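File shown here: upload36.txt, holding compact mmCIF, C-alpha atoms.
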```txt
# COMPACT_ATOMS: atom_id res chain seq x y z
CA MET A 300 39.07 -212.28 106.02
CA VAL A 301 37.90 -212.25 102.44
CA THR A 302 39.22 -209.39 100.34
CA THR A 303 36.85 -206.50 100.04
CA THR A 304 36.29 -204.81 96.72
CA PRO A 305 36.05 -201.01 96.45
CA LEU A 306 32.33 -201.38 95.77
CA GLU A 307 31.88 -203.44 98.93
CA GLU A 308 33.80 -200.87 100.94
CA GLN A 309 31.53 -198.18 99.63
CA LEU A 310 28.43 -200.23 100.48
CA LEU A 311 29.80 -201.01 103.94
CA GLU A 312 30.25 -197.28 104.48
CA LEU A 313 26.63 -196.71 103.41
CA ALA A 314 25.21 -199.47 105.58
CA GLY A 315 27.31 -198.24 108.51
CA SER A 316 26.02 -194.69 108.13
CA VAL A 317 22.50 -195.73 109.20
CA PRO A 318 21.63 -194.27 112.63
CA ASP A 319 20.83 -196.64 115.49
CA PRO A 320 17.04 -196.58 115.98
CA GLU A 321 17.28 -196.44 119.79
CA LEU A 322 20.38 -194.24 120.08
CA PRO A 323 20.13 -192.05 116.99
CA VAL A 324 23.32 -190.16 117.88
CA LEU A 325 25.26 -193.31 116.96
CA THR A 326 25.65 -194.83 113.54
CA LEU A 327 25.63 -198.59 113.14
CA ARG A 328 29.34 -198.41 112.27
CA GLU A 329 30.11 -196.58 115.51
CA LEU A 330 28.06 -199.15 117.42
CA GLY A 331 30.07 -201.87 115.68
CA VAL A 332 27.16 -204.04 114.57
CA VAL A 333 27.66 -204.12 110.79
CA ARG A 334 30.10 -206.97 110.27
CA ALA A 335 30.48 -207.36 106.53
CA VAL A 336 29.01 -206.57 103.15
CA ARG A 337 29.24 -208.93 100.19
CA ALA A 338 28.30 -207.82 96.69
CA HIS A 339 27.23 -210.39 94.12
CA GLY A 340 27.53 -208.55 90.83
CA THR A 341 26.37 -204.96 91.05
CA ASP A 342 22.78 -205.24 92.15
CA SER A 343 22.66 -207.96 94.80
CA VAL A 344 24.14 -207.37 98.25
CA GLU A 345 24.32 -209.36 101.47
CA VAL A 346 24.91 -207.57 104.79
CA ASP A 347 25.97 -209.28 108.03
CA LEU A 348 24.47 -207.61 111.10
CA THR A 349 25.11 -208.72 114.69
CA PRO A 350 22.69 -207.92 117.53
CA THR A 351 23.87 -206.19 120.72
CA TYR A 352 21.61 -208.48 122.75
CA THR A 353 19.96 -211.63 121.39
CA GLY A 354 16.52 -210.16 121.97
CA CYS A 355 17.35 -206.61 120.88
CA PRO A 356 14.11 -205.41 119.25
CA ALA A 357 16.02 -202.80 117.24
CA VAL A 358 17.57 -205.43 114.95
CA GLU A 359 14.55 -205.59 112.68
CA VAL A 360 14.40 -201.82 112.30
CA MET A 361 18.16 -201.74 111.63
CA SER A 362 17.72 -204.36 108.89
CA LEU A 363 14.92 -202.39 107.24
CA ASP A 364 16.91 -199.15 107.43
CA ILE A 365 20.00 -200.75 105.89
CA GLU A 366 17.84 -202.22 103.14
CA ARG A 367 16.24 -198.85 102.43
CA VAL A 368 19.55 -196.95 102.28
CA LEU A 369 21.19 -199.47 99.95
CA ARG A 370 18.14 -199.55 97.69
CA GLU A 371 18.16 -195.77 97.51
CA HIS A 372 21.69 -196.12 96.19
CA GLY A 373 20.63 -198.39 93.40
CA VAL A 374 21.13 -201.84 94.87
CA ARG A 375 18.19 -203.91 93.73
CA GLU A 376 18.43 -206.89 96.05
CA VAL A 377 19.46 -206.53 99.69
CA THR A 378 19.63 -209.41 102.18
CA VAL A 379 20.44 -208.66 105.80
CA ARG A 380 21.66 -211.69 107.74
CA THR A 381 21.76 -211.77 111.53
CA VAL A 382 25.01 -213.34 112.71
CA LEU A 383 25.69 -214.21 116.35
CA ALA A 384 29.32 -215.29 116.34
CA PRO A 385 31.66 -213.83 117.26
CA ALA A 386 29.41 -212.27 119.87
CA TRP A 387 29.17 -208.47 119.86
CA SER A 388 30.89 -206.76 122.73
CA THR A 389 30.76 -203.17 123.98
CA ASP A 390 34.46 -203.05 123.05
CA ASP A 391 33.21 -202.94 119.43
CA ILE A 392 31.89 -199.40 119.98
CA THR A 393 34.32 -196.96 118.37
CA ASP A 394 36.02 -194.10 120.24
CA GLU A 395 33.92 -191.67 118.26
CA GLY A 396 30.83 -193.63 119.32
CA ARG A 397 31.87 -193.38 122.98
CA ARG A 398 32.38 -189.64 122.71
CA LYS A 399 28.91 -189.21 121.16
CA LEU A 400 27.28 -191.35 123.84
CA ARG A 401 28.81 -189.16 126.56
CA GLU A 402 27.63 -186.01 124.79
CA PHE A 403 24.16 -187.53 124.58
CA GLY A 404 24.13 -188.01 128.38
CA ILE A 405 24.90 -191.73 128.46
CA ALA A 406 28.02 -192.97 130.25
CA PRO A 407 29.87 -195.13 127.69
CA PRO A 408 30.87 -198.69 128.57
CA ARG A 409 34.32 -199.14 130.04
CA THR A 410 36.71 -201.05 127.77
CA GLY A 411 38.22 -204.47 128.30
CA ALA A 412 34.93 -206.29 128.79
CA ALA A 413 35.28 -208.55 125.83
CA SER A 414 37.39 -211.59 126.40
CA GLY A 415 37.14 -214.43 128.85
CA PRO A 416 34.22 -215.57 130.95
CA VAL A 417 31.88 -212.97 132.33
CA ARG A 418 32.54 -212.29 135.96
CA VAL A 419 29.44 -212.18 138.10
CA GLU A 420 29.82 -209.00 140.06
CA LEU A 421 28.40 -209.24 143.52
CA GLY A 422 30.65 -206.39 144.50
CA PRO A 423 30.10 -202.75 145.26
CA THR A 424 27.76 -200.61 143.26
CA ARG A 425 29.56 -197.32 143.83
CA THR A 426 32.59 -196.01 141.99
CA GLY A 427 34.99 -193.21 142.89
CA GLU A 428 38.33 -191.67 141.93
CA GLY A 429 40.19 -194.94 142.45
CA GLY A 430 37.81 -196.88 140.21
CA ALA A 431 35.26 -199.44 141.29
CA ALA A 432 35.52 -199.93 145.05
CA ASP A 433 36.97 -203.41 144.57
CA GLY A 434 39.81 -201.81 142.58
CA THR A 435 39.26 -203.88 139.45
CA ARG A 436 38.04 -201.24 137.08
CA GLU A 437 38.00 -197.60 136.19
CA PRO A 438 35.06 -195.65 137.60
CA VAL A 439 31.84 -194.99 135.72
CA ARG A 440 31.96 -191.22 135.22
CA CYS A 441 28.93 -188.96 135.23
CA PRO A 442 28.34 -187.84 131.61
CA HIS A 443 27.05 -184.48 132.86
CA CYS A 444 29.74 -183.26 135.28
CA GLY A 445 32.48 -185.85 134.80
CA SER A 446 32.62 -186.91 138.45
CA PRO A 447 33.80 -190.48 139.08
CA GLU A 448 31.62 -190.60 142.23
CA THR A 449 28.54 -192.41 140.97
CA GLU A 450 26.30 -195.19 142.21
CA LEU A 451 24.13 -197.88 140.66
CA LEU A 452 20.37 -197.41 141.03
CA SER A 453 19.18 -200.29 138.88
CA ARG A 454 20.95 -202.96 136.86
CA PHE A 455 18.42 -202.56 134.08
CA SER A 456 17.22 -199.37 132.48
CA SER A 457 15.31 -198.07 129.46
CA THR A 458 16.80 -200.66 127.12
CA ALA A 459 18.50 -204.02 127.66
CA CYS A 460 21.94 -202.52 127.07
CA LYS A 461 21.79 -199.85 129.79
CA ALA A 462 21.86 -199.59 133.58
CA LEU A 463 20.60 -196.68 135.65
CA ARG A 464 23.08 -194.76 137.81
CA ARG A 465 23.15 -191.54 139.81
CA CYS A 466 25.94 -189.02 140.18
CA LEU A 467 26.85 -188.38 143.81
CA ALA A 468 28.36 -184.97 142.93
CA CYS A 469 25.71 -183.30 140.76
CA ARG A 470 22.92 -185.69 141.86
CA GLU A 471 21.71 -186.24 138.28
CA PRO A 472 20.57 -189.72 137.33
CA PHE A 473 21.98 -191.06 134.05
CA ASP A 474 22.05 -194.14 131.85
CA HIS A 475 25.21 -196.23 131.68
CA PHE A 476 25.83 -198.39 128.62
CA LYS A 477 26.83 -201.47 130.58
CA GLU A 478 29.83 -203.56 129.65
CA LEU A 479 29.09 -206.76 127.77
CA MET B 282 15.77 -214.22 112.66
CA THR B 283 18.19 -215.86 110.25
CA THR B 284 19.98 -218.92 111.49
CA THR B 285 21.22 -222.07 109.90
CA PRO B 286 18.56 -224.78 110.09
CA ALA B 287 19.52 -227.64 112.41
CA ALA B 288 21.33 -230.41 110.64
CA ASP B 289 19.59 -233.37 112.23
CA SER B 290 16.66 -234.39 114.36
CA VAL B 291 18.75 -234.82 117.50
CA THR B 292 19.92 -231.22 117.27
CA THR B 293 16.34 -230.14 116.57
CA ALA B 294 15.14 -231.85 119.75
CA ALA B 295 17.88 -230.21 121.80
CA ALA B 296 17.09 -226.80 120.27
CA LEU B 297 13.47 -227.30 121.31
CA ALA B 298 14.45 -228.17 124.89
CA LEU B 299 16.65 -225.09 125.32
CA GLY B 300 14.32 -222.87 123.29
CA ASP B 301 11.23 -223.88 125.26
CA ASP B 302 13.02 -223.15 128.56
CA ALA B 303 13.74 -219.64 127.35
CA LEU B 304 10.31 -219.07 125.81
CA VAL B 305 8.28 -220.28 128.78
CA LEU B 306 10.34 -218.44 131.39
CA SER B 307 10.20 -215.33 129.22
CA HIS B 308 6.41 -215.51 129.21
CA ARG B 309 6.23 -216.04 132.97
CA LEU B 310 8.48 -213.03 133.60
CA GLY B 311 6.41 -210.98 131.17
CA GLU B 312 3.38 -211.63 133.37
CA TRP B 313 4.98 -209.29 135.93
CA ALA B 314 4.52 -206.29 133.62
CA GLY B 315 2.22 -203.91 135.44
CA HIS B 316 2.48 -205.87 138.71
CA ALA B 317 6.10 -205.70 139.86
CA PRO B 318 6.74 -204.30 143.36
CA VAL B 319 8.75 -201.29 142.14
CA LEU B 320 9.33 -199.67 138.77
CA GLU B 321 13.01 -200.66 138.58
CA GLU B 322 12.03 -204.30 139.11
CA GLU B 323 9.35 -204.12 136.47
CA VAL B 324 11.99 -202.91 134.02
CA ALA B 325 14.50 -205.53 135.17
CA LEU B 326 12.11 -208.47 134.82
CA ALA B 327 10.92 -207.26 131.42
CA ASN B 328 14.52 -206.90 130.26
CA ILE B 329 15.38 -210.41 131.41
CA ALA B 330 12.24 -211.67 129.65
CA LEU B 331 13.37 -209.91 126.47
CA ASP B 332 16.82 -211.53 126.58
CA LEU B 333 15.19 -214.93 127.00
CA LEU B 334 12.73 -214.27 124.19
CA GLY B 335 15.62 -213.41 121.88
CA GLN B 336 17.36 -216.65 122.79
CA ALA B 337 14.10 -218.57 122.27
CA ARG B 338 13.66 -217.09 118.80
CA VAL B 339 17.13 -218.19 117.69
CA LEU B 340 16.72 -221.68 119.15
CA LEU B 341 13.20 -222.30 117.86
CA SER B 342 14.28 -221.07 114.42
CA MET B 343 16.90 -223.82 114.47
CA ALA B 344 14.07 -226.31 114.95
CA GLY B 345 11.49 -224.92 112.52
CA ASP B 346 9.09 -221.98 112.20
CA GLU B 347 9.34 -219.99 115.44
CA ASP B 348 5.72 -218.78 115.42
CA GLU B 349 4.26 -222.19 114.70
CA LEU B 350 6.40 -223.75 117.40
CA ALA B 351 5.49 -221.14 119.99
CA PHE B 352 1.82 -220.69 119.27
CA LEU B 353 0.49 -223.84 117.65
CA ARG B 354 2.01 -226.68 119.65
CA GLU B 355 0.02 -228.58 122.25
CA GLU B 356 1.19 -228.80 125.83
CA ARG B 357 2.63 -232.31 125.43
CA ALA B 358 4.90 -231.13 122.61
CA PHE B 359 6.75 -228.61 124.80
CA ARG B 360 10.12 -229.77 126.08
CA ASN B 361 10.82 -227.16 128.77
CA LEU B 362 11.82 -227.88 132.34
CA GLN B 363 8.96 -227.97 134.80
CA LEU B 364 10.83 -225.38 136.86
CA VAL B 365 10.37 -222.57 134.34
CA GLU B 366 6.62 -223.11 133.94
CA GLN B 367 5.92 -222.69 137.67
CA PRO B 368 3.66 -219.70 138.40
CA ASN B 369 5.26 -216.45 139.52
CA GLY B 370 3.85 -216.74 143.04
CA ASP B 371 5.02 -213.91 145.28
CA PHE B 372 8.18 -211.98 144.38
CA ALA B 373 10.32 -214.38 146.43
CA HIS B 374 9.06 -217.33 144.35
CA THR B 375 10.00 -215.54 141.16
CA ILE B 376 13.45 -214.78 142.56
CA ALA B 377 13.99 -218.40 143.69
CA ARG B 378 13.02 -219.61 140.21
CA GLN B 379 15.39 -217.05 138.70
CA LEU B 380 18.21 -218.12 141.01
CA TYR B 381 17.87 -221.83 140.25
CA PHE B 382 17.47 -221.33 136.52
CA SER B 383 19.93 -218.50 135.84
CA VAL B 384 22.80 -220.27 137.63
CA TYR B 385 22.03 -223.39 135.57
CA GLN B 386 21.73 -221.45 132.31
CA HIS B 387 24.90 -219.46 132.98
CA LEU B 388 26.93 -222.61 133.68
CA LEU B 389 25.44 -224.54 130.76
CA HIS B 390 25.95 -221.78 128.18
CA ASP B 391 29.46 -221.16 129.47
CA ARG B 392 30.25 -224.79 128.62
CA LEU B 393 28.38 -224.73 125.29
CA ALA B 394 30.16 -221.53 124.24
CA ALA B 395 33.53 -223.18 124.84
CA GLY B 396 32.70 -226.06 122.47
CA ASP B 397 32.18 -226.05 118.72
CA GLY B 398 28.71 -227.59 118.56
CA PRO B 399 25.64 -226.09 116.88
CA PHE B 400 24.74 -224.10 120.02
CA ALA B 401 28.13 -222.43 120.49
CA PRO B 402 27.31 -219.18 118.58
CA LEU B 403 24.12 -218.58 120.56
CA ALA B 404 25.70 -219.65 123.85
CA GLY B 405 28.54 -217.16 123.32
CA LYS B 406 25.96 -214.37 123.45
CA ALA B 407 23.55 -215.93 125.94
CA VAL B 408 26.25 -216.58 128.54
CA LYS B 409 26.80 -212.83 128.88
CA GLU B 410 23.10 -212.20 129.27
CA ALA B 411 22.68 -215.05 131.75
CA ALA B 412 25.50 -213.61 133.86
CA TYR B 413 23.41 -210.47 134.39
CA HIS B 414 20.31 -212.51 135.18
CA ARG B 415 22.28 -214.53 137.69
CA ASP B 416 23.68 -211.42 139.32
CA HIS B 417 20.16 -209.98 139.58
CA ALA B 418 18.79 -213.16 141.20
CA GLU B 419 21.72 -213.49 143.62
CA GLN B 420 21.44 -209.88 144.76
CA TRP B 421 17.74 -210.28 145.47
CA THR B 422 18.19 -213.62 147.23
CA LEU B 423 20.73 -211.99 149.55
CA ARG B 424 18.55 -208.96 150.12
CA LEU B 425 15.39 -210.91 150.86
CA GLY B 426 17.03 -213.75 152.80
CA ASP B 427 19.12 -211.42 154.92
CA GLY B 428 16.34 -208.84 155.20
CA THR B 429 13.36 -208.66 157.55
CA ASP B 430 11.78 -211.64 159.31
CA GLU B 431 8.97 -211.49 156.79
CA SER B 432 11.21 -211.41 153.69
CA HIS B 433 13.44 -214.12 155.17
CA ALA B 434 10.46 -216.41 155.82
CA ARG B 435 9.03 -215.87 152.36
CA MET B 436 12.37 -216.41 150.62
CA GLN B 437 12.87 -219.63 152.61
CA ARG B 438 9.39 -220.86 151.63
CA ALA B 439 10.15 -220.09 147.98
CA VAL B 440 13.51 -221.88 147.79
CA ASP B 441 11.96 -224.87 149.60
CA ALA B 442 8.93 -224.98 147.32
CA LEU B 443 10.88 -224.96 144.06
CA TRP B 444 13.72 -227.24 145.19
CA ARG B 445 11.87 -230.32 143.97
CA PHE B 446 12.01 -229.06 140.38
CA THR B 447 15.78 -228.66 140.27
CA GLY B 448 16.81 -232.29 139.71
CA GLU B 449 15.45 -232.25 136.19
CA MET B 450 17.95 -229.65 135.00
CA PHE B 451 20.76 -232.18 135.06
CA GLN B 452 19.11 -234.96 133.09
CA PRO B 453 21.32 -235.23 130.00
CA VAL B 454 19.66 -233.68 126.95
CA GLU B 455 20.17 -235.72 123.80
CA GLY B 456 21.79 -233.61 121.10
CA ILE B 457 23.80 -231.51 123.56
CA ASP B 458 27.20 -233.10 123.43
CA GLY B 459 30.29 -232.64 125.50
CA ILE B 460 28.56 -231.69 128.76
CA ASP B 461 29.61 -233.38 131.99
CA TRP B 462 26.13 -233.34 133.54
CA PRO B 463 27.09 -234.63 136.99
CA GLY B 464 29.91 -232.07 137.05
CA LEU B 465 27.48 -229.35 136.03
CA GLU B 466 25.17 -230.39 138.84
CA ARG B 467 27.97 -230.26 141.43
CA THR B 468 29.01 -226.79 140.34
CA TRP B 469 25.39 -225.65 140.36
CA ARG B 470 24.82 -226.97 143.88
CA GLU B 471 27.97 -225.32 145.20
CA ALA B 472 27.03 -221.98 143.63
CA VAL B 473 23.42 -222.05 144.80
CA GLU B 474 24.30 -223.24 148.31
CA ASP B 475 26.90 -220.50 148.60
CA VAL B 476 24.27 -217.84 147.85
CA LEU B 477 21.68 -219.41 150.15
CA VAL B 478 24.12 -219.61 153.06
CA ARG B 479 25.24 -216.02 152.60
CA ALA B 480 21.56 -215.05 152.48
CA THR B 481 21.18 -216.73 155.94
CA LEU B 482 18.80 -219.25 154.38
CA THR B 483 18.73 -222.98 155.04
CA VAL B 484 19.67 -225.13 152.06
CA PRO B 485 16.59 -227.26 151.31
CA ASP B 486 17.09 -230.96 151.96
CA GLY B 487 14.01 -232.40 150.31
CA PRO B 488 14.12 -234.63 147.22
CA ARG B 489 15.01 -232.93 143.97
CA SER B 490 13.07 -235.47 141.97
CA GLY B 491 10.80 -237.65 143.97
CA ALA B 492 7.33 -239.00 143.44
CA TRP B 493 7.44 -237.97 139.81
CA ARG B 494 10.22 -238.66 137.37
CA ALA B 495 13.01 -236.20 136.96
CA GLY B 496 13.17 -235.20 133.32
CA ALA B 497 9.42 -235.28 132.86
CA GLY B 498 9.20 -231.77 131.39
CA ARG B 499 11.81 -232.66 128.81
CA GLN B 500 9.53 -235.54 127.76
CA GLY B 501 6.44 -233.36 127.44
CA LEU B 502 4.88 -234.05 130.84
CA HIS B 503 4.02 -230.77 132.51
CA THR B 504 2.52 -229.50 135.72
CA GLU B 505 -1.06 -228.30 135.90
CA PRO B 506 -0.44 -224.51 135.74
CA PHE B 507 1.35 -224.86 132.39
CA GLY B 508 -1.85 -225.56 130.43
CA ARG B 509 -3.41 -222.32 131.65
CA MET B 510 -0.27 -220.39 130.83
CA LEU B 511 -0.21 -221.79 127.29
CA ALA B 512 -3.89 -221.02 126.77
CA GLU B 513 -3.21 -217.37 127.51
CA MET B 514 0.03 -217.27 125.52
CA GLN B 515 -1.47 -218.89 122.41
CA HIS B 516 -4.98 -217.49 122.49
CA LEU B 517 -4.43 -214.43 120.29
CA HIS B 518 -2.49 -216.27 117.60
CA ARG B 519 -4.99 -219.11 117.47
CA SER B 520 -8.02 -216.80 117.42
CA HIS B 521 -6.68 -214.66 114.60
CA PRO B 522 -4.58 -216.90 112.36
CA GLY B 523 -2.21 -214.95 110.14
CA ALA B 524 -3.00 -211.60 111.77
CA THR B 525 -0.29 -208.96 111.55
CA TRP B 526 0.22 -205.64 113.29
```
Let's see the structure in the file written out as structure tokens.
Amino acid sequence: MVTTTPLEEQLLELAGSVPDPELPVLTLRELGVVRAVRAHGTDSVEVDLTPTYTGCPAVEVMSLDIERVLREHGVREVTVRTVLAPAWSTDDITDEGRRKLREFGIAPPRTGAASGPVRVELGPTRTGEGGAADGTREPVRCPHCGSPETELLSRFSSTACKALRRCLACREPFDHFKEL
Amino acid sequence: MTTTPAADSVTTAAALALGDDALVLSHRLGEWAGHAPVLEEEVALANIALDLLGQARVLLSMAGDEDELAFLREERAFRNLQLVEQPNGDFAHTIARQLYFSVYQHLLHDRLAAGDGPFAPLAGKAVKEAAYHRDHAEQWTLRLGDGTDESHARMQRAVDALWRFTGEMFQPVEGIDGIDWPGLERTWREAVEDVLVRATLTVPDGPRSGAWRAGAGRQGLHTEPFGRMLAEMQHLHRSHPGATW
């Protein structure tokens, strides 16, 4: 890791304060997508941004928003680079980000998804008190009533990063930020 | 999308092969918008298409200007597998195509991500996406194969019909190094056969590259429906050069 100057830290803070265009309760810092900020002199800045999914359409809006915020703070030249490696993981979402997601009605991703090959889950789609029915993971809890008794309705939902589930206790459907 | 331009022409050719697979399949899946059997499936297919489009953009940008490559190339210049250009057919055909391709893509990107070649950064992301696509295709293959007589018959027809396009996937692609292609093919066959058997389907036994040459799509030789697909895909861009939203 290259040493960060106080100015760069300040700019990183600014870039990270931009709200996510699809989940405006989260900032880009809480989502974990702003990787680094490099200042060249005082008026030229390079920002490394990583997409949640390769085809995430929000990346372009995020770039424009970062550019706008930094310009408003006097940076004349802003370049936002999209970096793919290391790949973003839902483990990069901060604890504060998870709490906000839950408050917003979206079940946050369970942790520990990051390393190793992705397991193809052909297993059960329901979770309960003991976790997923195959015992490998904690349950996906309903963001409304907190019940661990929930079931998968669809692997894909309103955006690429979410799945659609239903609570078996309060019967409310909800989005689940799926682990990646 | 910012990526480092490919260092050499061999890498460029490989980026085109992988990028065209993703682009063409993305377009085919996009054709389901407004026509999928249920809303959840419409959303699922569109989401898979979006993942593939994102991968295509990164890969084509490694080879040149993504818009020019997507919208201004002639049919013979596309390097995608013939499998991905096959029409959607009924839902079972789309699922069979998804099964064959997503297992292949998942296994290939898993290997590419483990290496340190030019495709490793993209593969590290794409392998996670492909795992979801594979899961989706496997679940549907099981549900349709082990479903009603009608769904079973249609799923069987679909896996039989597309079987002949699967040999081409394992033709070595120049510029993709460090892949044990025969090993990849064995793992693919085991995985696909496992799903088909569990879905109570019969593993097709026809040729996987027969009267025509395996690897033809990678050399720019495509099947008849591809021209019509390209005409639709490229029409807007060609009719209004330089237009913006």
May I have the residues of chain A within 6 Å of chain B, counting only C-alpha atoms, written as a count of residues only? 10
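Considering all atoms listed in the file, the residue among A:Glu366, A:Asp390, A:Glu428, A:Glu448 positioned nearest to Lys477 in chain A is A:Asp390.
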Please write as number ranges by chain the list of polymer residues whose atoms come within 12 Å of (29.1, -202.2, 108.5), counting only C-alpha atoms and keeping to the coordinates of the file. A: 307-318, 326-337, 345-349, 361-362, 365, 369, 379, 391
Point-to-point distance in Å for CA of His503 in chain B and CA of Val476 in chain B: 28.5 Å
Residues within 8 Å of (25.6, -192.7, 142.6), file coordinates, counting only C-alpha atoms: what are they? Give the list as a ChimeraX atom specification. /A:425-426,448-452,464-467,470,472
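When all atoms listed in the file are used to measure the gap to Val384 in chain B, the shortest distance among B:Met450, B:Val478, B:Ser290, B:Gln515 belongs to B:Met450.
Distance annotation: of B:Asp301, B:Glu466, B:Asp486, B:Glu431, the residue with the minimal separation from Gly498 in chain B is B:Asp301; atom set is only C-alpha atoms.
CA of Arg479 in chain B is positioned 29.9 Å from CA of Gly411 in chain A.
Atom pair CA of Val344 in chain A / CA of Val374 in chain A has a distance of 7.1 Å (rounded to one decimal).
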Any idea what's packed within 10 Å of Ala406 in chain A, counting all atoms listed in the file, ignoring anything in its chain fewer than 6 positions away? Could you give it as a PDB file with C-alpha atoms, in the frame of the given file?
```pdb
ATOM      1  CA  ARG A 397      31.870-193.380 122.980  1.00  0.00           C
ATOM      2  CA  ARG A 398      32.380-189.640 122.710  1.00  0.00           C
ATOM      3  CA  LYS A 399      28.910-189.210 121.160  1.00  0.00           C
ATOM      4  CA  LEU A 400      27.280-191.350 123.840  1.00  0.00           C
ATOM      5  CA  VAL A 439      31.840-194.990 135.720  1.00  0.00           C
ATOM      6  CA  ARG A 440      31.960-191.220 135.220  1.00  0.00           C
ATOM      7  CA  CYS A 441      28.930-188.960 135.230  1.00  0.00           C
ATOM      8  CA  PRO A 442      28.340-187.840 131.610  1.00  0.00           C
ATOM      9  CA  HIS A 443      27.050-184.480 132.860  1.00  0.00           C
ATOM     10  CA  GLY A 445      32.480-185.850 134.800  1.00  0.00           C
ATOM     11  CA  LYS A 461      21.790-199.850 129.790  1.00  0.00           C
ATOM     12  CA  ALA A 462      21.860-199.590 133.580  1.00  0.00           C
ATOM     13  CA  LEU A 463      20.600-196.680 135.650  1.00  0.00           C
ATOM     14  CA  ARG A 464      23.080-194.760 137.810  1.00  0.00           C
ATOM     15  CA  PHE A 473      21.980-191.060 134.050  1.00  0.00           C
ATOM     16  CA  ASP A 474      22.050-194.140 131.850  1.00  0.00           C
ATOM     17  CA  HIS A 475      25.210-196.230 131.680  1.00  0.00           C
ATOM     18  CA  PHE A 476      25.830-198.390 128.620  1.00  0.00           C
ATOM     19  CA  LYS A 477      26.830-201.470 130.580  1.00  0.00           C
TER      20      LYS A 477
END
```
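Compared by their closest atoms to Glu347 in chain B, and using all atoms listed in the file, the residues B:Val291, B:Leu304, B:Leu388, B:Ala317 rank with B:Leu304 nearest.
For the residues A:Pro320, A:Gly340, A:Pro385, A:Gly427, ranking by smallest atom-to-atom distance to Cys355 in chain A using all atoms listed in the file places A:Pro320 first.
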